[in-house]
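Asks: Pasting a structure below so you can have a look.
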Amino acid sequence: MNADDRPSESRLFNLALIGVALICLIPRLIPGASQYIEYDGYWHVWIAQQDRWDNFIREYQSNAHPPLYFLLLKLSFLFGRTNLTYRSVSILAGTASIYVLGKTALKAMRSPVWAALAAFAYGLALPSILLSNEVRTYMLSAFLVQVSFYYFLDVIAAERPASLKPRIIFGVTAALACLTEYYALIYVGAALLFAFAVPIVRREKKLVWALLREIVTFAAILALPVWEFLSHFGTQVRAYDHLPTYYFRPDGAESAIDFLLRNLRNELNWFLPWQIPDGTAFYAVLVLLIAGAAAILFLARKQDVPINLPGIAIVGFVVLMTGAIMTGGLLRAYPFGGFLRQQYVLFPFFVICPFLLLDRLVTGVPRLVAAGILAVLVALVSFQSYQAWPKSSRLLLSDQMGRYNRLFPAPQAIYIDQFNLTTFFMFHHNWKWEFVAPVPGSTTVDTYKLASDNHSMFLFRDKDHWNVDLRDPQLYRQMAAGMRKWQLSSTTIFSLAQPVGKTRTEAQVLAYRSRVAELSNAEGLCVQTLDLDNYDVYAEFRNSGLCTARTEP
C-alpha cells in the first residue's frame, strides 16, 4: 500500500518533506543574498523591467527564452531591487520542487523513507542549489515539469482517475513549463511517447478512443507554446555560437559515437558530485548506470503492482529525454552536453533513480538505519561540493565600472552598445529607467532617462552594435542628434571590448585618436576625454567650444 492511501502516514510524510525543503532552503538563501548575479541574470532583469509592453516583447524576443519567467520576475520587483528578490522566483521554485520530487518518488516506492531521502539528496545537490540561485528561466520550468509529471503518473495509472483534474493539471503545467523554458518541449515529447505507448502495451479495448484522447490532450498542451516558439524564432533552429563543442559537426574529425560519448560524460559531470575522467573510469560508470536502470526495469516488471509503472516512467523519461537531447546535438538543434542549465530538465528524474533501486533492493537492513547512514553521507558530500564551489560577492567588471565613475562622476548622458548595456545596468539596476523615444532620424538608437535620488541622466542605447567603433561616422551623427534633441552639452561613452582584440601599437593608437577627433569635429563635437585601455574606451564628447582639456596621446 502506498503512503498516500494511509492518511496518518501521509500527513507525517508531508510534514517530513516540508522539513526537508526548509532545511534545503538554507543553502539557497545564503549564496542568494551574498553572491554576485551573473551577466545573463542582469540581462533578464533588464528585460523584465521594461516600462512599455512593446519594448518588453521586443527585448524578450531578442533573448532565447519564452516570456512567462520574465513576467514573474517583473512581479518580484514589488518587493525590492536586491539579489534575493531577483532570485526569489528561482529560489521559491527550487524549494517547492524538493517537496514535489518527494511526492513523485513516493508514487514509485514501497517506503516513504527512501522517497524522503531522494528529496533530501535532490535538495542538497549542488546542481539544484546553483539553478535555484540563477536569475534565469530554468528552475521555474523544471519545477513546472515536476508538477506536470506528478499528475502525469495519475493520468497513465492502471486505475483511471475519477475526474479530469489530473489530466488538466498535467496539461496546464506542461504548457506553462514550455512557456517558461523551451527545454520543457523535450519533456512533453517524452510524455507524448509514453502516453501513446501505455494503452498500446496494455492492449486497451478502446484503443482508438484512448489514442484520440491523448492526441487532443497533447494538441492542447502544445498549441500555445508552439505558436509562441514560431513567433519567437520562426521555423529555423540554429546552433548557438558560444556552445560550439556541443553541436555535432559532420565534416569534423570527431565521429558521431565519439561526440555522443564525450558529451555524455560532460553531462554526467554536471550531475554527479565527483568528476568522471575520460577513459576506463567513464566506461565503468556508464556500465553501472545502464545496469542500475536495467535492474529497476526488471524489478518493476510486474504490471499488477501500482508502484511499478511510475518507476518505469521515471527511468523511461531519463532515457527518452537523454535520447532527444542527443539527437538535438547530432542535428545541431540543441546543445547536448552543454551547460548545466540546458541539461537540468533531466536532473530531477535522474536523482530519483538510485533511490528507486535501493527501495527495491534493501530489505535485510532496517530501512531507517540504512537511510540515516546514507543521509549523513549525502549531507557530507553536499557540504564538500558546496565548499569547493567558487564564491564571489563582487560584481563582474567592477574595476572597469569604477574607472568610468571616477572619470565621469556626474555624466549628463551615456552612449552605450549592446554588450555594455547589461554591464552598465548591473551597476544601475536600482535606478528608475524610463523609455523616452528613439533618437531623431534613427531606428537603431533608443533613448532612456535614468533617475536616482537627486541625479538623472540620459542613456542612448545602440541596438545595432555589439561593440561601438569610434571610427564609425554614424556613431557621431546619432550621438549629436540625441544631444541636440535633449539639449545636452556632453555625452560619455563606456565601451568594453568583447571579445578583446590584439594590443594596439603606438602608431595605431595615434591614428585612432586622430580619427576620433576628426569625426567628432565633423558633427560639431569636441573630445573632452578619450581614455583607452587597449580596445576598452572611456570617452566624453562635448559641443564644440566647450572642451576644457586636451586628451593625452
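Ligands are numbered from 1 in the order shown, residues from 1 within each chain, and chains are lettered A, B, ... in the order they appear in the C-alpha cells.
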At a cut-off of 8 Å, using only C-alpha atoms, what residues contact Ala539 of chain A? Leave out same-chain residues fewer than 3 positions from it and give the result as a PyMOL selection string.
Replies: chain A and resi 492-494+527-531
Asks: Kindly save the residues from that selection, with all heavy atoms included, as a compact mmCIF listing (two decimals), in the first residue's frame.
Replies:
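Listing of selection-v4.txt after writing:
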```
# COMPACT_ATOMS: atom_id res chain seq x y z
N THR A 492 28.93 60.82 -22.62
CA THR A 492 30.07 59.92 -22.37
C THR A 492 29.88 58.61 -23.13
O THR A 492 28.77 58.29 -23.58
CB THR A 492 30.21 59.62 -20.88
OG1 THR A 492 29.01 58.98 -20.43
CG2 THR A 492 30.42 60.89 -20.08
N ILE A 493 30.96 57.87 -23.24
CA ILE A 493 30.92 56.53 -23.84
C ILE A 493 31.64 55.57 -22.91
O ILE A 493 32.73 55.87 -22.40
CB ILE A 493 31.56 56.51 -25.24
CG1 ILE A 493 30.64 57.19 -26.25
CG2 ILE A 493 31.86 55.08 -25.69
CD1 ILE A 493 31.16 57.20 -27.67
N PHE A 494 30.99 54.42 -22.67
CA PHE A 494 31.58 53.34 -21.88
C PHE A 494 31.47 52.09 -22.73
O PHE A 494 30.38 51.55 -22.94
CB PHE A 494 30.80 53.18 -20.57
CG PHE A 494 31.18 51.97 -19.75
CD1 PHE A 494 32.43 51.89 -19.16
CD2 PHE A 494 30.29 50.93 -19.55
CE1 PHE A 494 32.78 50.79 -18.39
CE2 PHE A 494 30.62 49.83 -18.78
CZ PHE A 494 31.88 49.75 -18.20
N VAL A 527 36.45 66.49 -28.35
CA VAL A 527 36.83 65.40 -27.45
C VAL A 527 37.32 65.99 -26.14
O VAL A 527 38.39 66.60 -26.08
CB VAL A 527 37.92 64.51 -28.07
CG1 VAL A 527 38.23 63.33 -27.14
CG2 VAL A 527 37.51 64.01 -29.45
N GLN A 528 36.54 65.81 -25.08
CA GLN A 528 36.97 66.26 -23.75
C GLN A 528 37.89 65.21 -23.11
O GLN A 528 38.91 65.54 -22.53
CB GLN A 528 35.76 66.50 -22.86
CG GLN A 528 36.06 66.78 -21.40
CD GLN A 528 36.79 68.11 -21.18
OE1 GLN A 528 36.79 68.97 -22.06
NE2 GLN A 528 37.41 68.27 -20.03
N THR A 529 37.50 63.94 -23.21
CA THR A 529 38.28 62.84 -22.62
C THR A 529 38.25 61.66 -23.57
O THR A 529 37.19 61.31 -24.10
CB THR A 529 37.69 62.40 -21.26
OG1 THR A 529 37.65 63.50 -20.38
CG2 THR A 529 38.50 61.28 -20.65
N LEU A 530 39.40 61.05 -23.77
CA LEU A 530 39.47 59.80 -24.53
C LEU A 530 40.48 58.91 -23.82
O LEU A 530 41.68 58.96 -24.08
CB LEU A 530 39.87 60.05 -25.98
CG LEU A 530 39.89 58.80 -26.89
CD1 LEU A 530 38.55 58.08 -26.87
CD2 LEU A 530 40.28 59.18 -28.32
N ASP A 531 39.99 58.11 -22.89
CA ASP A 531 40.81 57.24 -22.06
C ASP A 531 40.73 55.83 -22.63
O ASP A 531 39.64 55.24 -22.69
CB ASP A 531 40.28 57.27 -20.62
CG ASP A 531 41.24 56.63 -19.64
OD1 ASP A 531 41.90 55.65 -20.01
OD2 ASP A 531 41.32 57.09 -18.49
```
Asks: Dump as a tab-separated table the rows for residues of segment 57-163 of chain A within 12 Å of segment 175-181 of chain A: closest atom pair and distance in Å with one decimal, only C-alpha atoms counted, ordered by chain and rising residue number.
Replies:
```
residue	atom	partner	partner_atom	distance
A:Tyr60	CA	A:Thr180	CA	11.6
A:Asn63	CA	A:Glu181	CA	11.5
A:Ala64	CA	A:Glu181	CA	8.9
A:His65	CA	A:Glu181	CA	5.9
A:Pro66	CA	A:Leu179	CA	5.3
A:Pro67	CA	A:Thr180	CA	6.3
A:Leu68	CA	A:Thr180	CA	5.0
A:Tyr69	CA	A:Thr180	CA	5.4
A:Phe70	CA	A:Thr180	CA	8.5
A:Leu71	CA	A:Thr180	CA	9.8
A:Leu72	CA	A:Thr180	CA	10.0
A:Leu73	CA	A:Thr180	CA	11.5
A:Val89	CA	A:Thr180	CA	11.8
A:Ser90	CA	A:Thr180	CA	11.8
A:Ala93	CA	A:Ala177	CA	12.0
A:Arg136	CA	A:Glu181	CA	9.3
A:Thr137	CA	A:Glu181	CA	5.9
A:Tyr138	CA	A:Glu181	CA	6.2
A:Met139	CA	A:Glu181	CA	9.1
A:Leu140	CA	A:Thr180	CA	7.1
A:Ser141	CA	A:Ala177	CA	4.6
A:Ala142	CA	A:Ala177	CA	7.2
A:Phe143	CA	A:Ala177	CA	8.0
A:Leu144	CA	A:Ala177	CA	5.2
A:Val145	CA	A:Ala177	CA	5.9
A:Gln146	CA	A:Ala177	CA	9.4
A:Val147	CA	A:Ala177	CA	9.6
A:Ser148	CA	A:Ala177	CA	8.6
A:Phe149	CA	A:Ala177	CA	11.2
```
Asks: Write the residues of the selection above to a file with N, CA, C and O atoms, as an mmCIF file, in the first residue's frame.
Replies:
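Okay, this is what ended up in out18.cif:
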```
data_model
loop_
_atom_site.group_PDB
_atom_site.id
_atom_site.type_symbol
_atom_site.label_atom_id
_atom_site.label_comp_id
_atom_site.auth_asym_id
_atom_site.auth_seq_id
_atom_site.Cartn_x
_atom_site.Cartn_y
_atom_site.Cartn_z
ATOM 1 N N TYR A 60 12.401 40.517 -24.910
ATOM 2 C CA TYR A 60 12.430 39.080 -24.605
ATOM 3 C C TYR A 60 12.635 38.266 -25.876
ATOM 4 O O TYR A 60 13.254 37.200 -25.852
ATOM 5 N N ASN A 63 16.127 37.651 -26.807
ATOM 6 C CA ASN A 63 16.733 36.637 -25.965
ATOM 7 C C ASN A 63 16.275 35.269 -26.482
ATOM 8 O O ASN A 63 15.443 35.188 -27.358
ATOM 9 N N ALA A 64 16.787 34.190 -25.893
ATOM 10 C CA ALA A 64 16.463 32.852 -26.391
ATOM 11 C C ALA A 64 15.445 32.133 -25.524
ATOM 12 O O ALA A 64 15.389 30.910 -25.522
ATOM 13 N N HIS A 65 14.621 32.899 -24.783
ATOM 14 C CA HIS A 65 13.720 32.273 -23.817
ATOM 15 C C HIS A 65 12.306 32.813 -23.963
ATOM 16 O O HIS A 65 12.107 33.976 -24.343
ATOM 17 N N PRO A 66 11.297 31.986 -23.640
ATOM 18 C CA PRO A 66 9.901 32.443 -23.699
ATOM 19 C C PRO A 66 9.568 33.411 -22.573
ATOM 20 O O PRO A 66 10.401 33.656 -21.680
ATOM 21 N N PRO A 67 8.342 33.963 -22.548
ATOM 22 C CA PRO A 67 8.093 35.152 -21.720
ATOM 23 C C PRO A 67 7.669 34.930 -20.268
ATOM 24 O O PRO A 67 7.755 35.874 -19.474
ATOM 25 N N LEU A 68 7.166 33.750 -19.880
ATOM 26 C CA LEU A 68 6.499 33.630 -18.584
ATOM 27 C C LEU A 68 7.396 34.015 -17.415
ATOM 28 O O LEU A 68 6.981 34.746 -16.509
ATOM 29 N N TYR A 69 8.642 33.540 -17.414
ATOM 30 C CA TYR A 69 9.538 33.841 -16.297
ATOM 31 C C TYR A 69 9.744 35.346 -16.144
ATOM 32 O O TYR A 69 9.767 35.874 -15.027
ATOM 33 N N PHE A 70 9.878 36.054 -17.260
ATOM 34 C CA PHE A 70 10.127 37.494 -17.198
ATOM 35 C C PHE A 70 8.953 38.232 -16.552
ATOM 36 O O PHE A 70 9.141 39.226 -15.846
ATOM 37 N N LEU A 71 7.749 37.732 -16.793
ATOM 38 C CA LEU A 71 6.572 38.359 -16.182
ATOM 39 C C LEU A 71 6.577 38.165 -14.672
ATOM 40 O O LEU A 71 6.265 39.090 -13.913
ATOM 41 N N LEU A 72 6.944 36.968 -14.212
ATOM 42 C CA LEU A 72 7.027 36.719 -12.768
ATOM 43 C C LEU A 72 8.187 37.501 -12.153
ATOM 44 O O LEU A 72 8.081 37.996 -11.026
ATOM 45 N N LEU A 73 9.291 37.611 -12.879
ATOM 46 C CA LEU A 73 10.421 38.405 -12.397
ATOM 47 C C LEU A 73 10.005 39.862 -12.224
ATOM 48 O O LEU A 73 10.391 40.523 -11.253
ATOM 49 N N VAL A 89 12.083 34.108 -7.499
ATOM 50 C CA VAL A 89 11.285 33.178 -8.310
ATOM 51 C C VAL A 89 11.981 31.822 -8.377
ATOM 52 O O VAL A 89 11.364 30.773 -8.161
ATOM 53 N N SER A 90 13.287 31.835 -8.649
ATOM 54 C CA SER A 90 14.034 30.576 -8.751
ATOM 55 C C SER A 90 14.179 29.889 -7.399
ATOM 56 O O SER A 90 14.079 28.659 -7.301
ATOM 57 N N ALA A 93 10.775 28.400 -6.455
ATOM 58 C CA ALA A 93 10.505 27.240 -7.316
ATOM 59 C C ALA A 93 11.419 26.070 -6.949
ATOM 60 O O ALA A 93 10.975 24.915 -6.898
ATOM 61 N N ARG A 136 17.350 33.115 -13.880
ATOM 62 C CA ARG A 136 17.141 32.534 -15.203
ATOM 63 C C ARG A 136 15.841 31.728 -15.206
ATOM 64 O O ARG A 136 15.241 31.484 -14.165
ATOM 65 N N THR A 137 15.466 31.261 -16.350
ATOM 66 C CA THR A 137 14.185 30.587 -16.550
ATOM 67 C C THR A 137 14.178 29.126 -16.104
ATOM 68 O O THR A 137 13.111 28.546 -15.901
ATOM 69 N N TYR A 138 15.340 28.513 -15.948
ATOM 70 C CA TYR A 138 15.434 27.051 -15.939
ATOM 71 C C TYR A 138 14.807 26.391 -14.708
ATOM 72 O O TYR A 138 14.154 25.356 -14.822
ATOM 73 N N MET A 139 15.016 26.937 -13.514
ATOM 74 C CA MET A 139 14.486 26.278 -12.323
ATOM 75 C C MET A 139 12.964 26.337 -12.282
ATOM 76 O O MET A 139 12.306 25.356 -11.920
ATOM 77 N N LEU A 140 12.385 27.455 -12.642
ATOM 78 C CA LEU A 140 10.928 27.550 -12.662
ATOM 79 C C LEU A 140 10.338 26.541 -13.641
ATOM 80 O O LEU A 140 9.348 25.869 -13.327
ATOM 81 N N SER A 141 10.934 26.412 -14.806
ATOM 82 C CA SER A 141 10.437 25.456 -15.790
ATOM 83 C C SER A 141 10.575 24.024 -15.276
ATOM 84 O O SER A 141 9.665 23.205 -15.439
ATOM 85 N N ALA A 142 11.718 23.719 -14.637
ATOM 86 C CA ALA A 142 11.919 22.372 -14.090
ATOM 87 C C ALA A 142 10.875 22.069 -13.019
ATOM 88 O O ALA A 142 10.368 20.937 -12.935
ATOM 89 N N PHE A 143 10.544 23.052 -12.196
ATOM 90 C CA PHE A 143 9.505 22.859 -11.169
ATOM 91 C C PHE A 143 8.163 22.550 -11.818
ATOM 92 O O PHE A 143 7.441 21.628 -11.402
ATOM 93 N N LEU A 144 7.804 23.302 -12.844
ATOM 94 C CA LEU A 144 6.539 23.059 -13.528
ATOM 95 C C LEU A 144 6.532 21.691 -14.203
ATOM 96 O O LEU A 144 5.502 21.006 -14.231
ATOM 97 N N VAL A 145 7.673 21.282 -14.739
ATOM 98 C CA VAL A 145 7.795 19.934 -15.307
ATOM 99 C C VAL A 145 7.540 18.881 -14.231
ATOM 100 O O VAL A 145 6.843 17.886 -14.447
ATOM 101 N N GLN A 146 8.110 19.082 -13.043
ATOM 102 C CA GLN A 146 7.929 18.120 -11.958
ATOM 103 C C GLN A 146 6.466 18.023 -11.524
ATOM 104 O O GLN A 146 5.957 16.925 -11.285
ATOM 105 N N VAL A 147 5.799 19.162 -11.403
ATOM 106 C CA VAL A 147 4.373 19.151 -11.050
ATOM 107 C C VAL A 147 3.582 18.421 -12.142
ATOM 108 O O VAL A 147 2.714 17.583 -11.856
ATOM 109 N N SER A 148 3.901 18.737 -13.389
ATOM 110 C CA SER A 148 3.219 18.099 -14.507
ATOM 111 C C SER A 148 3.416 16.581 -14.480
ATOM 112 O O SER A 148 2.465 15.816 -14.654
ATOM 113 N N PHE A 149 4.640 16.141 -14.218
ATOM 114 C CA PHE A 149 4.931 14.708 -14.208
ATOM 115 C C PHE A 149 4.225 14.013 -13.054
ATOM 116 O O PHE A 149 3.760 12.867 -13.194
#
```
Asks: For segment 154-160 of chain A, list every protein, DNA or RNA residue within 7 Å, evaluated using only C-alpha atoms, and leave out those in the same chain fewer than 5 positions away; present the list as a ChimeraX atom specification.
Replies: /A:166-167,195
Asks: Using only C-alpha atoms, please write the residues we just selected to a file, as a CSV table (one decimal), in the first residue's frame.
Replies:
```csv
chain,number,residue,atom,x,y,z
A,166,PRO,CA,-5.0,15.2,-13.0
A,167,ARG,CA,-5.1,15.4,-16.9
A,195,ALA,CA,1.2,8.3,-23.1
```
Asks: Write down as a ChimeraX atom specification the residues belonging to segment 201-374 of chain A that are assigned alpha helix (DSSP H) by DSSP computed on the backbone.
Replies: /A:201-202,207-233,256-271,280-299,308-330,340-343,347-361,367-374
Asks: Counting only C-alpha atoms, give me one row per residue of segment 35-133 of chain A with an atom at most 12 Å from an atom of segment 399-422 of chain A, showing the shortest contact pair and its distance in Å to one decimal, sorted by chain then residue number, as JSON lines.
Replies:
```
{"residue": "A:Ile37", "atom": "CA", "partner": "A:Thr422", "partner_atom": "CA", "distance": 11.8}
{"residue": "A:Glu38", "atom": "CA", "partner": "A:Thr422", "partner_atom": "CA", "distance": 10.2}
{"residue": "A:Tyr39", "atom": "CA", "partner": "A:Thr422", "partner_atom": "CA", "distance": 6.9}
{"residue": "A:Asp40", "atom": "CA", "partner": "A:Thr422", "partner_atom": "CA", "distance": 8.2}
{"residue": "A:Gly41", "atom": "CA", "partner": "A:Thr422", "partner_atom": "CA", "distance": 9.4}
{"residue": "A:Tyr42", "atom": "CA", "partner": "A:Thr422", "partner_atom": "CA", "distance": 6.5}
{"residue": "A:Trp43", "atom": "CA", "partner": "A:Thr422", "partner_atom": "CA", "distance": 5.7}
{"residue": "A:His44", "atom": "CA", "partner": "A:Thr422", "partner_atom": "CA", "distance": 9.3}
{"residue": "A:Val45", "atom": "CA", "partner": "A:Thr422", "partner_atom": "CA", "distance": 9.4}
{"residue": "A:Trp46", "atom": "CA", "partner": "A:Thr422", "partner_atom": "CA", "distance": 7.4}
{"residue": "A:Ile47", "atom": "CA", "partner": "A:Thr422", "partner_atom": "CA", "distance": 10.0}
{"residue": "A:Glu59", "atom": "CA", "partner": "A:Gln418", "partner_atom": "CA", "distance": 11.6}
{"residue": "A:Ser62", "atom": "CA", "partner": "A:Gln418", "partner_atom": "CA", "distance": 11.2}
```
Asks: Would you please work out which residue, of A:Gln498, A:Asn55, A:Gln35, A:Asn467, is nearest to Ala437 of chain A when using only C-alpha atoms?
Replies: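 Using only C-alpha atoms, Ala437 of chain A sits closest to A:Asn55.
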Asks: Go through A:Trp114, A:Trp227, A:Tyr246, A:Tyr122 and flag the residue nearest Ile98 of chain A, using only C-alpha atoms for the distances.
Replies: A:Tyr122
Asks: Which distance in Å separates atom CA of Ile23 of chain A and atom CA of Trp389 of chain A, to one decimal?
Replies: 19.4 Å
Asks: Which residue is closest to His232 of chain A? Choose from A:Arg504, A:Tyr182, A:Ile312, A:Ser385 and count only C-alpha atoms.
Replies: A:Tyr182
Asks: Lys502 of chain A: which residues within 10 Å, counting only C-alpha atoms, same-chain residues fewer than 2 positions away excluded, as a ChimeraX atom specification?
Replies: /A:499-500,504-505,534-535
Asks: What is the distance, in Å and to one decimal place, between atom CA of Ala115 of chain A and atom CA of Tyr150 of chain A?
Replies: 13.5 Å
Asks: Find the residue from A:Tyr99, A:Phe425, A:Phe120, A:Tyr448 that sits nearest to Arg461 of chain A; use only C-alpha atoms when measuring.
Replies: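 Smallest distance to Arg461 of chain A is found for A:Tyr448.
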Asks: Give me, as JSON, numbers by chain, all polymer residues having an atom no more than 8 Å from segment 375-379 of chain A, counting only C-alpha atoms and skipping those fewer than 3 positions away in the same chain.
Replies: {"A": [117, 120, 121, 124, 371, 372, 382, 383]}
Asks: Atoms to include: all heavy atoms. Write the selected residues as a PDB file, in the first residue's frame.
Replies:
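Generated file (again.pdb):
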```
ATOM      1  N   LEU A 117      14.320  10.566   1.423  1.00  0.00           N
ATOM      2  CA  LEU A 117      15.769  10.684   1.241  1.00  0.00           C
ATOM      3  C   LEU A 117      16.105  11.154  -0.175  1.00  0.00           C
ATOM      4  O   LEU A 117      17.063  11.913  -0.375  1.00  0.00           O
ATOM      5  CB  LEU A 117      16.449   9.349   1.544  1.00  0.00           C
ATOM      6  CG  LEU A 117      17.978   9.354   1.560  1.00  0.00           C
ATOM      7  CD1 LEU A 117      18.506  10.411   2.534  1.00  0.00           C
ATOM      8  CD2 LEU A 117      18.509   7.976   1.936  1.00  0.00           C
ATOM      9  N   PHE A 120      15.718  14.786  -0.077  1.00  0.00           N
ATOM     10  CA  PHE A 120      16.831  15.365   0.676  1.00  0.00           C
ATOM     11  C   PHE A 120      18.082  15.461  -0.206  1.00  0.00           C
ATOM     12  O   PHE A 120      18.762  16.497  -0.238  1.00  0.00           O
ATOM     13  CB  PHE A 120      17.102  14.500   1.908  1.00  0.00           C
ATOM     14  CG  PHE A 120      18.171  15.026   2.827  1.00  0.00           C
ATOM     15  CD1 PHE A 120      17.998  16.198   3.538  1.00  0.00           C
ATOM     16  CD2 PHE A 120      19.365  14.322   2.998  1.00  0.00           C
ATOM     17  CE1 PHE A 120      18.975  16.677   4.390  1.00  0.00           C
ATOM     18  CE2 PHE A 120      20.357  14.795   3.840  1.00  0.00           C
ATOM     19  CZ  PHE A 120      20.162  15.979   4.543  1.00  0.00           C
ATOM     20  N   ALA A 121      18.382  14.370  -0.932  1.00  0.00           N
ATOM     21  CA  ALA A 121      19.550  14.361  -1.811  1.00  0.00           C
ATOM     22  C   ALA A 121      19.402  15.385  -2.935  1.00  0.00           C
ATOM     23  O   ALA A 121      20.353  16.091  -3.282  1.00  0.00           O
ATOM     24  CB  ALA A 121      19.750  12.962  -2.395  1.00  0.00           C
ATOM     25  N   LEU A 124      19.835  19.049  -1.528  1.00  0.00           N
ATOM     26  CA  LEU A 124      21.201  19.421  -1.154  1.00  0.00           C
ATOM     27  C   LEU A 124      22.199  19.274  -2.302  1.00  0.00           C
ATOM     28  O   LEU A 124      23.364  19.637  -2.142  1.00  0.00           O
ATOM     29  CB  LEU A 124      21.674  18.583   0.038  1.00  0.00           C
ATOM     30  CG  LEU A 124      21.034  18.909   1.391  1.00  0.00           C
ATOM     31  CD1 LEU A 124      21.680  18.063   2.491  1.00  0.00           C
ATOM     32  CD2 LEU A 124      21.155  20.387   1.738  1.00  0.00           C
ATOM     33  N   ALA A 371      18.885   4.323   5.721  1.00  0.00           N
ATOM     34  CA  ALA A 371      18.594   5.660   5.204  1.00  0.00           C
ATOM     35  C   ALA A 371      19.301   6.727   6.024  1.00  0.00           C
ATOM     36  O   ALA A 371      19.774   7.739   5.478  1.00  0.00           O
ATOM     37  CB  ALA A 371      17.088   5.909   5.201  1.00  0.00           C
ATOM     38  N   GLY A 372      19.393   6.539   7.333  1.00  0.00           N
ATOM     39  CA  GLY A 372      20.091   7.504   8.191  1.00  0.00           C
ATOM     40  C   GLY A 372      21.557   7.606   7.841  1.00  0.00           C
ATOM     41  O   GLY A 372      22.116   8.710   7.744  1.00  0.00           O
ATOM     42  N   SER A 382      27.456  16.776  -0.061  1.00  0.00           N
ATOM     43  CA  SER A 382      26.886  18.052  -0.493  1.00  0.00           C
ATOM     44  C   SER A 382      27.628  19.233   0.121  1.00  0.00           C
ATOM     45  O   SER A 382      27.884  20.239  -0.562  1.00  0.00           O
ATOM     46  CB  SER A 382      25.404  18.117  -0.118  1.00  0.00           C
ATOM     47  OG  SER A 382      24.677  17.081  -0.741  1.00  0.00           O
ATOM     48  N   PHE A 383      27.998  19.103   1.398  1.00  0.00           N
ATOM     49  CA  PHE A 383      28.738  20.175   2.064  1.00  0.00           C
ATOM     50  C   PHE A 383      30.108  20.374   1.410  1.00  0.00           C
ATOM     51  O   PHE A 383      30.532  21.511   1.170  1.00  0.00           O
ATOM     52  CB  PHE A 383      28.915  19.849   3.545  1.00  0.00           C
ATOM     53  CG  PHE A 383      29.687  20.882   4.310  1.00  0.00           C
ATOM     54  CD1 PHE A 383      29.105  22.087   4.659  1.00  0.00           C
ATOM     55  CD2 PHE A 383      31.018  20.656   4.667  1.00  0.00           C
ATOM     56  CE1 PHE A 383      29.823  23.056   5.354  1.00  0.00           C
ATOM     57  CE2 PHE A 383      31.738  21.608   5.356  1.00  0.00           C
ATOM     58  CZ  PHE A 383      31.142  22.822   5.700  1.00  0.00           C
TER      59      PHE A 383
END
```
